[in-house]
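Read through the structure below, which is laid out as structure tokens, and then see the notes.
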Amino acid sequence: MHIPDGYLGPRTYGTLFAVMVPVWAAASWKLNRTLKARQVPYLAIGAAFSFVIMMFNIPVVGGTTGHAAGAALVAILIGPWAATISVSVALIIQALLFGDGGITAIGANCFNIAAAGSFSGYLVYRALAVGSAVPSRRGWIAAGAAAYVSLNLSALLTAVQLGLQPVLEVSSEGHPLYAPFPLKVTVPVMMLEHLLLFGIVEAFITVMVIRYIQKNEPELLE
Amino acid sequence: MIEMRNIRKRLQNMQTHNKLWFGIGLLALLSPLGILLPSLFNSGGAWGEWGLADLERMVGFAPEGMKHSSDLWNAPMPDYALPGQGTGRLSESLGYLLTGIVGIAVTVAAAYGIAKALAGKSAKEKDVRNGHG
């Protein structure tokens with residue numbers, strides 16, 4: 001799901017940088033007004049969690065690999081703006097130090113995984129868990145659904161951006177200049193593996209952590 | 001057994017964020033599974049993240065724009081491997097673990113710095129306003 005350099009044309013990655021800069025600015029503005037000193041470690045923990053959970057590549061036998069991203073869980077615990085910053089930091093470090101995701105694609109990957117992942121997860125959780133007690137079964141089911149939707153939305157956005165390249169970026173002879181696969185390939189392939197496997201893993205991890213927190217650290221959910 | 005109970009008890013008495021740090025540490029130590037399992041199950045990399053040569057093999061040509069931009073950035077630890085590390089599962093797992101720890105440390109430092117700057121000078125005032133003076 002980390003789009004490498006060379007897969008997106010400049011118009012696509014430029015647009016997604018142009019979208020992410022104001023999102024980062026809005027997140028900073030928002031946190032500047034609301035973030036309390038005692039909450040600072042939680043942003044760092046959220047970034048660390050997202051970083052480390054993405055290291056757990058889950059194999060499809062004889063096929064590809066994928067991983068959870070943790071954006072929904074982090075957003076449930078620290079809010080979507082803080083989670084967008086935390087997960088963005090993890091993604092930017094992955095690109096700079098490890099070449100995991102391209103530097104030209106930092107805007108795209110942060111949009112797909114950090115911003116869309118955090119906000120979708122947070123909204124689904126709030127919609128389903130509203131008014132539920134802590135701990136409650138509804139609370140952790142809501143978290144699992146949020147995580148599932150979140151990762152699949154990130155995968156869908158990635159697939160759409162890749163699949164649009166052969167339409168948006170072609171040479172004068174009609175050859176694709178960047179990612180060569182059309183939407184009718186990228187969307188089914190990416191969605192099948194995320195809907196059937198990686199999304200379920202993301203939901204499972206999120207439910208495990210939320211259940212632990214419901215039981216042992218309920219104040220984090222209030 | 002006594003050892004286990006002591007650890008449990010100490011865990012229960014930890015502050016919330018210390019417990020979460022403990023969890024991060026545990027995940028970091030387990031992270032080599034993220035490279036061992038795909039290797040055991042014969043899985044390649046993630047879909048859509050191939051290098052230029054692999055993609056060329058798959059589709060029969062190297063897209064012109066990709067040729068000029070795929071190696072734009074030379075990451076110091078590409079694919080979570082230490083510079084000059086050996087091949088084989090043990091070296092790769094060890095490299096993955098160590099580079100992962102470096103990555104987590106840098107991520108934590110960066111996120112902590114940003115969060116601290118955002119909480120900033122007004123942090124005390126915000127705590128007072130929210131009744132945590």
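All residue names refer to the structure tokens as shown: chains lettered A, B, ... in order, residues numbered from 1 in each chain, ligands numbered from 1 in order.
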
I need the chain B residues near chain A as a PDB file with N, CA and C atoms, in the first residue's frame; criterion: at most 7 Å, counting only C-alpha atoms.
```pdb
ATOM      1  N   THR B  16      -0.206   4.217  32.571  1.00  0.00           N
ATOM      2  CA  THR B  16      -0.806   3.802  31.305  1.00  0.00           C
ATOM      3  C   THR B  16       0.172   3.911  30.135  1.00  0.00           C
ATOM      4  N   TRP B  21       4.097   1.693  26.018  1.00  0.00           N
ATOM      5  CA  TRP B  21       5.486   1.598  25.536  1.00  0.00           C
ATOM      6  C   TRP B  21       5.972   0.164  25.607  1.00  0.00           C
ATOM      7  N   ILE B  24       4.720  -1.631  22.657  1.00  0.00           N
ATOM      8  CA  ILE B  24       5.475  -1.280  21.448  1.00  0.00           C
ATOM      9  C   ILE B  24       6.802  -2.062  21.410  1.00  0.00           C
ATOM     10  N   LEU B  27       6.170  -5.634  20.412  1.00  0.00           N
ATOM     11  CA  LEU B  27       5.926  -5.730  18.971  1.00  0.00           C
ATOM     12  C   LEU B  27       7.239  -5.598  18.192  1.00  0.00           C
ATOM     13  N   ALA B  28       8.097  -4.678  18.639  1.00  0.00           N
ATOM     14  CA  ALA B  28       9.376  -4.485  17.947  1.00  0.00           C
ATOM     15  C   ALA B  28      10.189  -5.781  17.972  1.00  0.00           C
ATOM     16  N   SER B  31       8.925  -8.221  15.510  1.00  0.00           N
ATOM     17  CA  SER B  31       8.818  -7.749  14.122  1.00  0.00           C
ATOM     18  C   SER B  31       9.494  -8.645  13.073  1.00  0.00           C
ATOM     19  N   LEU B  33       9.062 -11.523  12.514  1.00  0.00           N
ATOM     20  CA  LEU B  33       8.010 -12.368  11.934  1.00  0.00           C
ATOM     21  C   LEU B  33       7.492 -11.784  10.627  1.00  0.00           C
ATOM     22  N   GLY B  34       7.545 -10.467  10.534  1.00  0.00           N
ATOM     23  CA  GLY B  34       7.059  -9.776   9.341  1.00  0.00           C
ATOM     24  C   GLY B  34       7.899 -10.026   8.104  1.00  0.00           C
ATOM     25  N   ILE B  35       9.104 -10.593   8.298  1.00  0.00           N
ATOM     26  CA  ILE B  35       9.928 -10.954   7.143  1.00  0.00           C
ATOM     27  C   ILE B  35      10.064 -12.478   7.055  1.00  0.00           C
ATOM     28  N   LEU B  37       7.711 -14.890   8.049  1.00  0.00           N
ATOM     29  CA  LEU B  37       6.506 -15.569   7.572  1.00  0.00           C
ATOM     30  C   LEU B  37       6.364 -15.478   6.047  1.00  0.00           C
ATOM     31  N   PRO B  38       6.526 -14.281   5.451  1.00  0.00           N
ATOM     32  CA  PRO B  38       6.444 -14.235   3.984  1.00  0.00           C
ATOM     33  C   PRO B  38       7.479 -15.134   3.322  1.00  0.00           C
ATOM     34  N   PHE B  41       6.292 -18.766   3.559  1.00  0.00           N
ATOM     35  CA  PHE B  41       5.129 -19.058   2.716  1.00  0.00           C
ATOM     36  C   PHE B  41       5.368 -18.703   1.254  1.00  0.00           C
ATOM     37  N   ASN B  42       6.651 -18.400   0.939  1.00  0.00           N
ATOM     38  CA  ASN B  42       6.968 -18.123  -0.461  1.00  0.00           C
ATOM     39  C   ASN B  42       6.204 -16.955  -1.049  1.00  0.00           C
ATOM     40  N   SER B  43       5.966 -15.946  -0.243  1.00  0.00           N
ATOM     41  CA  SER B  43       5.241 -14.784  -0.748  1.00  0.00           C
ATOM     42  C   SER B  43       6.235 -13.732  -1.222  1.00  0.00           C
ATOM     43  N   GLY B  44       5.870 -13.070  -2.280  1.00  0.00           N
ATOM     44  CA  GLY B  44       6.716 -11.979  -2.767  1.00  0.00           C
ATOM     45  C   GLY B  44       6.439 -10.730  -1.954  1.00  0.00           C
ATOM     46  N   GLY B  45       6.728  -9.580  -2.533  1.00  0.00           N
ATOM     47  CA  GLY B  45       6.457  -8.325  -1.836  1.00  0.00           C
ATOM     48  C   GLY B  45       4.994  -7.948  -1.969  1.00  0.00           C
ATOM     49  N   ALA B  46       4.671  -6.722  -1.554  1.00  0.00           N
ATOM     50  CA  ALA B  46       3.305  -6.227  -1.660  1.00  0.00           C
ATOM     51  C   ALA B  46       2.964  -5.945  -3.123  1.00  0.00           C
ATOM     52  N   TRP B  47       1.695  -6.103  -3.444  1.00  0.00           N
ATOM     53  CA  TRP B  47       1.263  -5.850  -4.815  1.00  0.00           C
ATOM     54  C   TRP B  47       1.419  -4.355  -5.129  1.00  0.00           C
ATOM     55  N   GLU B  49       4.275  -2.747  -5.490  1.00  0.00           N
ATOM     56  CA  GLU B  49       5.459  -2.100  -4.917  1.00  0.00           C
ATOM     57  C   GLU B  49       6.739  -2.719  -5.482  1.00  0.00           C
ATOM     58  N   PRO B  63       8.063   1.379 -18.041  1.00  0.00           N
ATOM     59  CA  PRO B  63       7.417   2.651 -18.359  1.00  0.00           C
ATOM     60  C   PRO B  63       8.435   3.799 -18.315  1.00  0.00           C
ATOM     61  N   GLU B  64       8.386   4.646 -19.342  1.00  0.00           N
ATOM     62  CA  GLU B  64       9.400   5.690 -19.556  1.00  0.00           C
ATOM     63  C   GLU B  64       9.546   6.629 -18.349  1.00  0.00           C
ATOM     64  N   GLY B  65       8.412   7.102 -17.819  1.00  0.00           N
ATOM     65  CA  GLY B  65       8.468   8.040 -16.692  1.00  0.00           C
ATOM     66  C   GLY B  65       9.017   7.374 -15.447  1.00  0.00           C
ATOM     67  N   MET B  66       8.652   6.116 -15.265  1.00  0.00           N
ATOM     68  CA  MET B  66       9.105   5.372 -14.093  1.00  0.00           C
ATOM     69  C   MET B  66      10.619   5.189 -14.126  1.00  0.00           C
ATOM     70  N   SER B  69      12.278   8.068 -12.563  1.00  0.00           N
ATOM     71  CA  SER B  69      11.948   8.521 -11.215  1.00  0.00           C
ATOM     72  C   SER B  69      11.953   7.421 -10.160  1.00  0.00           C
ATOM     73  N   SER B  70      12.149   6.156 -10.571  1.00  0.00           N
ATOM     74  CA  SER B  70      12.018   5.095  -9.572  1.00  0.00           C
ATOM     75  C   SER B  70      13.186   5.097  -8.577  1.00  0.00           C
ATOM     76  N   ALA B  75      17.617   5.547  -0.018  1.00  0.00           N
ATOM     77  CA  ALA B  75      17.374   5.409   1.415  1.00  0.00           C
ATOM     78  C   ALA B  75      18.592   4.750   2.060  1.00  0.00           C
ATOM     79  N   PRO B  76      18.963   5.190   3.264  1.00  0.00           N
ATOM     80  CA  PRO B  76      20.152   4.617   3.915  1.00  0.00           C
ATOM     81  C   PRO B  76      19.986   3.145   4.312  1.00  0.00           C
ATOM     82  N   MET B  77      18.754   2.716   4.595  1.00  0.00           N
ATOM     83  CA  MET B  77      18.535   1.310   4.964  1.00  0.00           C
ATOM     84  C   MET B  77      17.392   0.730   4.120  1.00  0.00           C
ATOM     85  N   PRO B  78      17.641   0.567   2.815  1.00  0.00           N
ATOM     86  CA  PRO B  78      16.546   0.163   1.926  1.00  0.00           C
ATOM     87  C   PRO B  78      15.949  -1.185   2.340  1.00  0.00           C
ATOM     88  N   ASP B  79      14.652  -1.286   2.291  1.00  0.00           N
ATOM     89  CA  ASP B  79      13.929  -2.524   2.638  1.00  0.00           C
ATOM     90  C   ASP B  79      14.283  -3.045   4.025  1.00  0.00           C
ATOM     91  N   TYR B  80      14.515  -2.149   4.962  1.00  0.00           N
ATOM     92  CA  TYR B  80      14.786  -2.534   6.347  1.00  0.00           C
ATOM     93  C   TYR B  80      15.953  -3.500   6.452  1.00  0.00           C
ATOM     94  N   GLY B 103      14.184   2.753  13.221  1.00  0.00           N
ATOM     95  CA  GLY B 103      13.024   3.457  12.650  1.00  0.00           C
ATOM     96  C   GLY B 103      12.041   3.897  13.716  1.00  0.00           C
ATOM     97  N   ILE B 104      11.774   2.999  14.668  1.00  0.00           N
ATOM     98  CA  ILE B 104      10.845   3.343  15.745  1.00  0.00           C
ATOM     99  C   ILE B 104      11.410   4.492  16.580  1.00  0.00           C
ATOM    100  N   THR B 107      11.106   7.692  14.638  1.00  0.00           N
ATOM    101  CA  THR B 107       9.692   8.059  14.560  1.00  0.00           C
ATOM    102  C   THR B 107       9.210   8.654  15.876  1.00  0.00           C
ATOM    103  N   VAL B 108       9.584   7.987  16.978  1.00  0.00           N
ATOM    104  CA  VAL B 108       9.179   8.471  18.297  1.00  0.00           C
ATOM    105  C   VAL B 108       9.755   9.862  18.560  1.00  0.00           C
ATOM    106  N   ALA B 111       7.860  12.404  16.319  1.00  0.00           N
ATOM    107  CA  ALA B 111       6.472  12.619  16.751  1.00  0.00           C
ATOM    108  C   ALA B 111       6.440  13.348  18.098  1.00  0.00           C
ATOM    109  N   TYR B 112       7.370  12.956  18.975  1.00  0.00           N
ATOM    110  CA  TYR B 112       7.427  13.584  20.287  1.00  0.00           C
ATOM    111  C   TYR B 112       7.764  15.065  20.158  1.00  0.00           C
ATOM    112  N   ALA B 115       4.742  16.907  18.669  1.00  0.00           N
ATOM    113  CA  ALA B 115       3.652  17.011  19.646  1.00  0.00           C
ATOM    114  C   ALA B 115       3.996  18.021  20.738  1.00  0.00           C
ATOM    115  N   LYS B 116       5.256  17.986  21.146  1.00  0.00           N
ATOM    116  CA  LYS B 116       5.687  18.894  22.205  1.00  0.00           C
ATOM    117  C   LYS B 116       5.595  20.346  21.729  1.00  0.00           C
ATOM    118  N   LEU B 118       3.625  21.448  19.424  1.00  0.00           N
ATOM    119  CA  LEU B 118       2.211  21.812  19.261  1.00  0.00           C
ATOM    120  C   LEU B 118       1.534  22.065  20.607  1.00  0.00           C
ATOM    121  N   ALA B 119       1.879  21.248  21.597  1.00  0.00           N
ATOM    122  CA  ALA B 119       1.308  21.469  22.931  1.00  0.00           C
ATOM    123  C   ALA B 119       1.848  22.794  23.481  1.00  0.00           C
ATOM    124  N   ALA B 123       0.478  24.952  26.879  1.00  0.00           N
ATOM    125  CA  ALA B 123       0.052  23.673  27.460  1.00  0.00           C
ATOM    126  C   ALA B 123      -0.459  23.831  28.892  1.00  0.00           C
ATOM    127  N   LYS B 126      -3.798  25.392  28.924  1.00  0.00           N
ATOM    128  CA  LYS B 126      -4.851  24.477  28.490  1.00  0.00           C
ATOM    129  C   LYS B 126      -5.211  23.505  29.602  1.00  0.00           C
ATOM    130  N   ASP B 127      -4.176  23.045  30.336  1.00  0.00           N
ATOM    131  CA  ASP B 127      -4.437  22.128  31.440  1.00  0.00           C
ATOM    132  C   ASP B 127      -5.288  22.808  32.507  1.00  0.00           C
TER     133      ASP B 127
END
```

Counting only C-alpha atoms, what is within 9 Å of A:Ala75, bar same-chain residues fewer than 2 positions away, as a list in words?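 Final neighbour list, sorted by chain and number: Gly46, Gly70, Ala71, Ala72, Leu73, Leu77, Ile78, Gly79, Pro80, Trp81, Ala82, Ala83, Thr84, Gly117, Ser118, Phe119, Gly121 and Tyr122 of chain A.
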
Store the residues picked out above, limited to C-alpha atoms, as a short mmCIF file (atom, residue, chain, number, x, y, z; two decimals), in the first residue's frame.
```cif
data_model
loop_
_atom_site.label_atom_id
_atom_site.label_comp_id
_atom_site.auth_asym_id
_atom_site.auth_seq_id
_atom_site.Cartn_x
_atom_site.Cartn_y
_atom_site.Cartn_z
CA GLY A 46 0.58 6.27 18.17
CA GLY A 70 -3.14 1.02 12.85
CA ALA A 71 -4.68 4.34 11.76
CA ALA A 72 -8.18 3.55 13.05
CA LEU A 73 -6.94 2.37 16.44
CA LEU A 77 -7.59 6.67 21.09
CA ILE A 78 -6.16 10.14 20.33
CA GLY A 79 -8.58 11.62 17.79
CA PRO A 80 -8.37 11.84 13.99
CA TRP A 81 -6.25 15.02 13.77
CA ALA A 82 -3.58 13.74 16.14
CA ALA A 83 -3.70 10.33 14.43
CA THR A 84 -3.19 11.95 11.02
CA GLY A 117 -7.44 5.96 7.35
CA SER A 118 -7.69 8.02 10.56
CA PHE A 119 -10.82 9.99 9.70
CA GLY A 121 -11.89 4.90 11.25
CA TYR A 122 -12.78 7.60 13.72
#
```

Restricting to only C-alpha atoms, whichever of A:Ile141, A:Val160, A:Leu195, A:Leu183 is closest to A:Met208 is A:Ile141

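The two atoms in question, atom CA of B:Leu30 and atom CA of B:Glu92, are spaced 13.7 Å apart.
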
Which parts of chain B does DSSP call helix (DSSP H, G or I) when run on the backbone here, written out as a ChimeraX atom specification?
/B:2-13,16-30,33-40,52-59,64-69,78-80,89-119,123-129

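Of note, atom CA of A:Pro218 and atom CA of A:Val134 are spaced 6.4 Å apart.
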
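Proximity of A:Ser136, A:Gln165, A:Asn152, A:Asn112 to A:Leu197, computed with only C-alpha atoms, is greatest for A:Asn152.
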
Measure the distance from atom CA of B:Ile114 to atom CA of B:Ala81 in Å and round it to one decimal.
->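 Separating atom CA of B:Ile114 from atom CA of B:Ala81 is a distance of 27.3 Å.
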